[in-house]
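Asks: Structure: final.pdb, PDB, C-alpha atoms.
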```pdb
MODEL        1
ATOM      1  CA  GLY Q 127      54.812 -21.430 -30.188
ATOM      2  CA  GLN Q 128      54.501 -23.145 -33.517
ATOM      3  CA  GLN Q 129      51.099 -24.601 -34.267
ATOM      4  CA  VAL Q 130      49.910 -26.896 -37.012
ATOM      5  CA  MET Q 131      46.171 -26.824 -37.660
ATOM      6  CA  GLN Q 132      44.155 -29.181 -39.826
ATOM      7  CA  ILE Q 133      40.722 -28.647 -41.325
ATOM      8  CA  PRO Q 134      38.231 -30.096 -41.392
ATOM      9  CA  GLN Q 135      38.338 -32.145 -38.202
ATOM     10  CA  TYR Q 136      35.826 -34.598 -39.679
ATOM     11  CA  GLN Q 137      35.061 -35.404 -43.310
ATOM     12  CA  HIS Q 138      32.065 -37.526 -44.309
ATOM     13  CA  VAL Q 139      32.467 -38.560 -47.924
ATOM     14  CA  GLN Q 140      30.253 -40.523 -50.265
ATOM     15  CA  GLU Q 141      32.129 -43.408 -51.832
ATOM     16  CA  GLY Q 142      33.388 -42.334 -55.231
ATOM     17  CA  GLU Q 143      33.527 -38.615 -54.427
ATOM     18  CA  ASP Q 144      36.616 -36.443 -54.067
ATOM     19  CA  PHE Q 145      37.669 -34.421 -51.032
ATOM     20  CA  THR Q 146      40.520 -32.277 -49.751
ATOM     21  CA  THR Q 147      41.964 -31.822 -46.279
ATOM     22  CA  TYR Q 148      44.139 -28.867 -45.368
ATOM     23  CA  CYS Q 149      47.078 -28.308 -43.068
ATOM     24  CA  ASN Q 150      48.173 -24.821 -41.974
ATOM     25  CA  SER Q 151      51.213 -23.795 -39.973
ATOM     26  CA  SER Q 152      51.743 -20.576 -38.040
ATOM     27  CA  THR Q 153      55.396 -20.573 -39.172
ATOM     28  CA  THR Q 154      57.312 -21.473 -42.317
ATOM     29  CA  LEU Q 155      58.192 -25.157 -42.438
ATOM     30  CA  SER Q 156      61.349 -26.742 -43.806
ATOM     31  CA  ASN Q 157      59.289 -29.790 -44.772
ATOM     32  CA  ILE Q 158      55.963 -31.441 -44.039
ATOM     33  CA  GLN Q 159      55.015 -35.068 -43.583
ATOM     34  CA  TRP Q 160      51.659 -36.826 -43.894
ATOM     35  CA  TYR Q 161      50.585 -39.910 -41.963
ATOM     36  CA  LYS Q 162      47.513 -42.135 -42.033
ATOM     37  CA  GLN Q 163      46.072 -43.907 -39.005
ATOM     38  CA  ARG Q 164      43.447 -46.592 -39.537
ATOM     39  CA  PRO Q 165      40.841 -47.019 -36.772
ATOM     40  CA  GLY Q 166      42.491 -48.810 -33.857
ATOM     41  CA  GLY Q 167      45.865 -48.695 -35.554
ATOM     42  CA  HIS Q 168      49.032 -46.672 -35.454
ATOM     43  CA  PRO Q 169      50.168 -43.794 -37.693
ATOM     44  CA  VAL Q 170      51.843 -44.861 -40.924
ATOM     45  CA  PHE Q 171      54.011 -42.551 -42.984
ATOM     46  CA  LEU Q 172      52.581 -41.579 -46.373
ATOM     47  CA  ILE Q 173      54.841 -38.924 -47.833
ATOM     48  CA  GLN Q 174      57.186 -36.001 -47.231
ATOM     49  CA  LEU Q 175      57.190 -32.673 -49.089
ATOM     50  CA  VAL Q 176      60.245 -30.441 -48.991
ATOM     51  CA  LYS Q 177      60.212 -27.926 -51.862
ATOM     52  CA  SER Q 178      58.035 -24.856 -52.168
ATOM     53  CA  GLY Q 179      55.047 -25.611 -54.416
ATOM     54  CA  GLU Q 180      55.898 -29.307 -54.553
ATOM     55  CA  VAL Q 181      53.201 -31.712 -55.731
ATOM     56  CA  LYS Q 182      53.424 -35.470 -55.268
ATOM     57  CA  LYS Q 183      50.952 -38.175 -56.233
ATOM     58  CA  GLN Q 184      50.337 -41.627 -54.834
ATOM     59  CA  LYS Q 185      47.659 -43.322 -56.923
ATOM     60  CA  ARG Q 186      44.436 -41.462 -55.946
ATOM     61  CA  LEU Q 187      46.186 -39.235 -53.374
ATOM     62  CA  THR Q 188      47.691 -35.876 -54.342
ATOM     63  CA  PHE Q 189      49.816 -33.958 -51.853
ATOM     64  CA  GLN Q 190      50.769 -30.310 -52.261
ATOM     65  CA  PHE Q 191      53.117 -28.001 -50.351
ATOM     66  CA  GLY Q 192      52.268 -24.308 -50.508
ATOM     67  CA  GLU Q 193      54.487 -21.735 -52.170
ATOM     68  CA  ALA Q 194      55.165 -20.051 -48.831
ATOM     69  CA  LYS Q 195      55.770 -23.437 -47.159
ATOM     70  CA  LYS Q 196      53.172 -22.648 -44.492
ATOM     71  CA  ASN Q 197      50.384 -24.872 -45.727
ATOM     72  CA  SER Q 198      49.785 -28.205 -47.352
ATOM     73  CA  SER Q 199      46.860 -30.175 -48.721
ATOM     74  CA  LEU Q 200      45.874 -33.770 -49.362
ATOM     75  CA  HIS Q 201      43.352 -34.426 -52.124
ATOM     76  CA  ILE Q 202      41.781 -37.859 -52.541
ATOM     77  CA  THR Q 203      39.898 -38.693 -55.722
ATOM     78  CA  ALA Q 204      37.226 -41.364 -56.079
ATOM     79  CA  THR Q 205      37.168 -42.128 -52.368
ATOM     80  CA  GLN Q 206      37.061 -45.802 -51.395
ATOM     81  CA  THR Q 207      36.223 -47.536 -48.114
ATOM     82  CA  THR Q 208      39.931 -48.295 -47.763
ATOM     83  CA  ASP Q 209      40.508 -44.539 -47.341
ATOM     84  CA  VAL Q 210      38.777 -44.578 -43.952
ATOM     85  CA  GLY Q 211      41.042 -43.329 -41.173
ATOM     86  CA  THR Q 212      42.611 -40.215 -39.736
ATOM     87  CA  TYR Q 213      45.105 -38.246 -41.779
ATOM     88  CA  PHE Q 214      47.729 -36.236 -39.936
ATOM     89  CA  CYS Q 215      50.195 -33.679 -41.158
ATOM     90  CA  ALA Q 216      53.371 -33.007 -39.186
ATOM     91  CA  GLY Q 217      55.994 -30.316 -39.389
ATOM     92  CA  PRO Q 218      59.286 -29.794 -37.562
ATOM     93  CA  LYS Q 219      59.513 -27.334 -34.726
ATOM     94  CA  ALA Q 220      61.921 -24.479 -35.347
ATOM     95  CA  ALA Q 221      63.963 -25.338 -32.276
ATOM     96  CA  GLY Q 222      64.966 -28.856 -31.404
ATOM     97  CA  ASN Q 223      64.528 -32.204 -33.081
ATOM     98  CA  LYS Q 224      60.771 -32.383 -32.731
ATOM     99  CA  LEU Q 225      57.743 -32.948 -34.926
ATOM    100  CA  THR Q 226      54.499 -31.075 -34.344
ATOM    101  CA  PHE Q 227      51.404 -32.962 -35.454
ATOM    102  CA  GLY Q 228      48.158 -31.403 -36.520
ATOM    103  CA  GLY Q 229      44.934 -32.558 -34.895
ATOM    104  CA  GLY Q 230      44.095 -34.763 -37.859
ATOM    105  CA  THR Q 231      41.190 -35.105 -40.263
ATOM    106  CA  ARG Q 232      39.026 -38.116 -39.556
ATOM    107  CA  VAL Q 233      37.594 -39.487 -42.793
ATOM    108  CA  LEU Q 234      34.396 -41.527 -42.831
ATOM    109  CA  VAL Q 235      33.194 -43.065 -46.098
ATOM    110  CA  LYS Q 236      29.544 -43.723 -46.843
ATOM    111  CA  PRO Q 237      29.082 -46.666 -49.214
TER     112      PRO Q 237
ATOM    113  CA  ASN W 291      62.754 -57.184 -38.739
ATOM    114  CA  ALA W 292      60.082 -56.695 -36.086
ATOM    115  CA  GLY W 293      60.214 -52.896 -36.495
ATOM    116  CA  VAL W 294      59.031 -50.978 -33.431
ATOM    117  CA  THR W 295      57.537 -53.092 -30.660
ATOM    118  CA  GLN W 296      55.693 -51.918 -27.560
ATOM    119  CA  THR W 297      54.614 -53.727 -24.429
ATOM    120  CA  PRO W 298      52.131 -54.035 -22.886
ATOM    121  CA  LYS W 299      49.306 -53.494 -25.387
ATOM    122  CA  PHE W 300      46.809 -52.684 -22.643
ATOM    123  CA  GLN W 301      47.273 -51.590 -19.029
ATOM    124  CA  VAL W 302      44.994 -50.488 -16.213
ATOM    125  CA  LEU W 303      46.535 -48.643 -13.271
ATOM    126  CA  LYS W 304      45.246 -47.128 -10.086
ATOM    127  CA  THR W 305      46.013 -43.517  -9.267
ATOM    128  CA  GLY W 306      49.450 -43.223  -7.708
ATOM    129  CA  GLN W 307      50.866 -46.432  -9.156
ATOM    130  CA  SER W 308      54.012 -46.372 -11.235
ATOM    131  CA  MET W 309      54.865 -48.380 -14.306
ATOM    132  CA  THR W 310      57.149 -48.569 -17.311
ATOM    133  CA  LEU W 311      56.018 -48.759 -20.906
ATOM    134  CA  GLN W 312      58.527 -50.637 -23.009
ATOM    135  CA  CYS W 313      59.617 -49.705 -26.524
ATOM    136  CA  ALA W 314      62.210 -51.421 -28.679
ATOM    137  CA  GLN W 315      63.309 -51.167 -32.305
ATOM    138  CA  ASP W 316      65.581 -53.422 -34.336
ATOM    139  CA  MET W 317      66.291 -51.069 -37.244
ATOM    140  CA  ASN W 318      69.379 -49.432 -35.698
ATOM    141  CA  HIS W 319      67.574 -46.096 -35.598
ATOM    142  CA  GLU W 320      69.243 -43.262 -33.735
ATOM    143  CA  TYR W 321      66.086 -41.231 -33.039
ATOM    144  CA  MET W 322      63.283 -42.461 -30.792
ATOM    145  CA  SER W 323      60.311 -40.665 -29.321
ATOM    146  CA  TRP W 324      57.171 -41.075 -27.246
ATOM    147  CA  TYR W 325      53.785 -39.555 -28.095
ATOM    148  CA  ARG W 326      50.437 -39.619 -26.410
ATOM    149  CA  GLN W 327      47.160 -39.531 -28.298
ATOM    150  CA  ASP W 328      43.925 -38.520 -26.628
ATOM    151  CA  PRO W 329      40.478 -39.063 -28.189
ATOM    152  CA  GLY W 330      39.904 -36.745 -31.121
ATOM    153  CA  MET W 331      43.318 -35.164 -30.749
ATOM    154  CA  GLY W 332      46.557 -35.389 -32.573
ATOM    155  CA  LEU W 333      49.830 -36.739 -31.290
ATOM    156  CA  ARG W 334      51.674 -34.825 -28.589
ATOM    157  CA  LEU W 335      55.377 -35.367 -28.027
ATOM    158  CA  ILE W 336      56.340 -36.414 -24.503
ATOM    159  CA  HIS W 337      60.097 -37.096 -24.706
ATOM    160  CA  TYR W 338      62.582 -37.891 -27.417
ATOM    161  CA  SER W 339      66.131 -39.149 -27.843
ATOM    162  CA  VAL W 340      68.612 -38.470 -30.648
ATOM    163  CA  GLY W 341      70.887 -41.318 -29.588
ATOM    164  CA  ALA W 342      71.976 -43.558 -26.734
ATOM    165  CA  GLY W 343      72.589 -41.569 -23.574
ATOM    166  CA  ILE W 344      70.768 -38.466 -24.846
ATOM    167  CA  THR W 345      67.170 -37.535 -24.026
ATOM    168  CA  ASP W 346      65.168 -34.319 -24.146
ATOM    169  CA  GLN W 347      61.698 -33.065 -23.299
ATOM    170  CA  GLY W 348      58.834 -32.705 -25.729
ATOM    171  CA  GLU W 349      55.609 -30.729 -25.391
ATOM    172  CA  VAL W 350      54.066 -32.626 -22.447
ATOM    173  CA  PRO W 351      56.895 -34.149 -20.327
ATOM    174  CA  ASN W 352      55.458 -33.659 -16.845
ATOM    175  CA  GLY W 353      54.821 -36.909 -14.983
ATOM    176  CA  TYR W 354      57.032 -38.970 -17.299
ATOM    177  CA  ASN W 355      60.678 -40.023 -17.285
ATOM    178  CA  VAL W 356      62.764 -41.654 -19.999
ATOM    179  CA  SER W 357      66.234 -43.088 -20.405
ATOM    180  CA  ARG W 358      68.173 -44.383 -23.403
ATOM    181  CA  SER W 359      70.900 -46.735 -22.282
ATOM    182  CA  THR W 360      70.990 -48.613 -25.604
ATOM    183  CA  THR W 361      70.189 -47.750 -29.210
ATOM    184  CA  GLU W 362      67.400 -50.338 -29.256
ATOM    185  CA  ASP W 363      65.375 -49.501 -26.143
ATOM    186  CA  PHE W 364      63.539 -46.386 -24.996
ATOM    187  CA  PRO W 365      61.326 -47.059 -21.954
ATOM    188  CA  LEU W 366      58.795 -44.526 -20.682
ATOM    189  CA  ARG W 367      58.203 -44.389 -16.938
ATOM    190  CA  LEU W 368      55.101 -43.033 -15.282
ATOM    191  CA  LEU W 369      56.166 -41.958 -11.819
ATOM    192  CA  SER W 370      52.776 -41.635 -10.095
ATOM    193  CA  ALA W 371      49.885 -42.314 -12.447
ATOM    194  CA  ALA W 372      47.006 -39.844 -12.626
ATOM    195  CA  PRO W 373      43.649 -40.128 -14.458
ATOM    196  CA  SER W 374      44.836 -37.345 -16.807
ATOM    197  CA  GLN W 375      47.439 -39.798 -18.122
ATOM    198  CA  THR W 376      44.741 -42.097 -19.506
ATOM    199  CA  SER W 377      45.682 -42.188 -23.163
ATOM    200  CA  VAL W 378      47.146 -44.209 -25.997
ATOM    201  CA  TYR W 379      50.928 -44.081 -26.017
ATOM    202  CA  PHE W 380      52.923 -44.497 -29.205
ATOM    203  CA  CYS W 381      56.634 -44.996 -29.506
ATOM    204  CA  ALA W 382      58.287 -44.023 -32.785
ATOM    205  CA  SER W 383      61.740 -44.228 -34.300
ATOM    206  CA  SER W 384      63.588 -42.881 -37.311
ATOM    207  CA  LEU W 385      67.013 -43.283 -38.827
ATOM    208  CA  GLN W 386      68.343 -39.894 -37.799
ATOM    209  CA  GLY W 387      66.231 -37.202 -36.214
ATOM    210  CA  ALA W 388      62.715 -35.940 -36.782
ATOM    211  CA  LEU W 389      63.256 -33.252 -39.364
ATOM    212  CA  TYR W 390      63.580 -35.104 -42.664
ATOM    213  CA  ASN W 391      63.080 -38.704 -41.691
ATOM    214  CA  GLU W 392      60.066 -40.974 -41.877
ATOM    215  CA  GLN W 393      58.820 -41.905 -38.394
ATOM    216  CA  PHE W 394      58.046 -45.587 -37.775
ATOM    217  CA  PHE W 395      55.402 -46.062 -35.081
ATOM    218  CA  GLY W 396      54.828 -48.982 -32.767
ATOM    219  CA  PRO W 397      51.355 -50.502 -32.282
ATOM    220  CA  GLY W 398      50.662 -48.464 -29.138
ATOM    221  CA  THR W 399      49.874 -49.054 -25.465
ATOM    222  CA  ARG W 400      46.359 -48.264 -24.292
ATOM    223  CA  LEU W 401      46.589 -47.055 -20.700
ATOM    224  CA  THR W 402      43.692 -46.431 -18.335
ATOM    225  CA  VAL W 403      44.273 -44.822 -14.945
ATOM    226  CA  LEU W 404      41.435 -45.215 -12.465
TER     227      LEU W 404
ENDMDL
END
```
Can I see the file as structure tokens?

Replies:
Amino acid sequence: GQQVMQIPQYQHVQEGEDFTTYCNSSTTLSNIQWYKQRPGGHPVFLIQLVKSGEVKKQKRLTFQFGEAKKNSSLHITATQTTDVGTYFCAGPKAAGNKLTFGGGTRVLVKP
Amino acid sequence: NAGVTQTPKFQVLKTGQSMTLQCAQDMNHEYMSWYRQDPGMGLRLIHYSVGAGITDQGEVPNGYNVSRSTTEDFPLRLLSAAPSQTSVYFCASSLQGALYNEQFFGPGTRLTVL
């Protein structure tokens, strides 16, 4: 069945540095969503990408949808302690009204 | 608006006990769903509903039942709790469906089965 994989599973980042987390699907996606979950909290929607090659920015966060619509990335510049949390991507399953979530990238920031 | 609310926040059960996790939303959302999250893992879909009176299975439905008698409420029932059901349970809702709609998550229920 459809799988959504995220790498890396963990990301230790020095405050002020940049990093990228990747999301890969085994099938073509109609769209992809990104969520952030703070420690002890619940997932919160960040953004949705729909078009092939689409790039969207939210302040220091840049989201990209691959040309083949099978992968996506989240790039964070000048990481801050407020970026701590787990970032999930999610894509719809081909059959049914379901979202498949990746395993997440847990981001830890070293001050 | 309260958004998506879940009760209880914490629960400890003994193996074999049954219980119902409550979920309610006040945003008039048609789509509601239940996920479980295990340590270090992503979210796995248990059951979902596209509207009142309609429910369907997700990836990991065994051991759980749901019903959707109203638009607002989507309770999750554990029939006979097992230690493997120790997890954090999140309820989510969206305006219409999961495909192109932002999911709003509740605060979660942390369940331990002894």

Asks: Here's the selection I'm unsure about, the PyMOL selection byres ((chain Q and resi 208) around 12); applied to the file above, which residues does it give, as a PyMOL selection string?

Replies: chain Q and resi 141-142+162-165+186+202+204-207+209-212+233-237

Asks: Taking into account only C-alpha atoms, which residue in the set Q:Pro134, Q:Gly166, Q:Gly217, Q:Gly229 is nearest to chain W?

Replies: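 Nearest candidate to chain W out of Q:Pro134, Q:Gly166, Q:Gly217, Q:Gly229: Q:Gly229.
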
Asks: Which distance in Å separates atom CA of Ser383 of chain W and atom CA of Ala292 of chain W, to one decimal?

Replies: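 A separation of 12.7 Å between them.
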
Asks: Please list, as an MDAnalysis selection string, the residues that have an atom at most 9 Å away from (40.5, -30.8, -42.2) in the coordinates of this file, counting all atoms listed in the file.

Replies: chainID Q and resid 131:137 146:149 213 229:232

Asks: At a cut-off of 7 Å, can you tabulate as CSV every residue of chain Q near chain W together with its closest atom pair and the distance in Å to one decimal, using only C-alpha atoms and ordering rows by chain then number?

Replies:
```
residue,atom,partner,partner_atom,distance
Q:Gly167,CA,W:Pro397,CA,6.6
Q:His168,CA,W:Pro397,CA,5.5
Q:Pro169,CA,W:Phe395,CA,6.3
Q:Val170,CA,W:Phe395,CA,6.9
Q:Phe171,CA,W:Glu392,CA,6.4
Q:Pro218,CA,W:Leu389,CA,5.6
Q:Asn223,CA,W:Ala388,CA,5.6
Q:Lys224,CA,W:Ala388,CA,5.7
Q:Leu225,CA,W:Ala388,CA,6.1
Q:Phe227,CA,W:Leu333,CA,5.8
Q:Gly228,CA,W:Gly332,CA,5.8
Q:Gly229,CA,W:Gly332,CA,4.0
Q:Gly230,CA,W:Gly332,CA,5.9
```
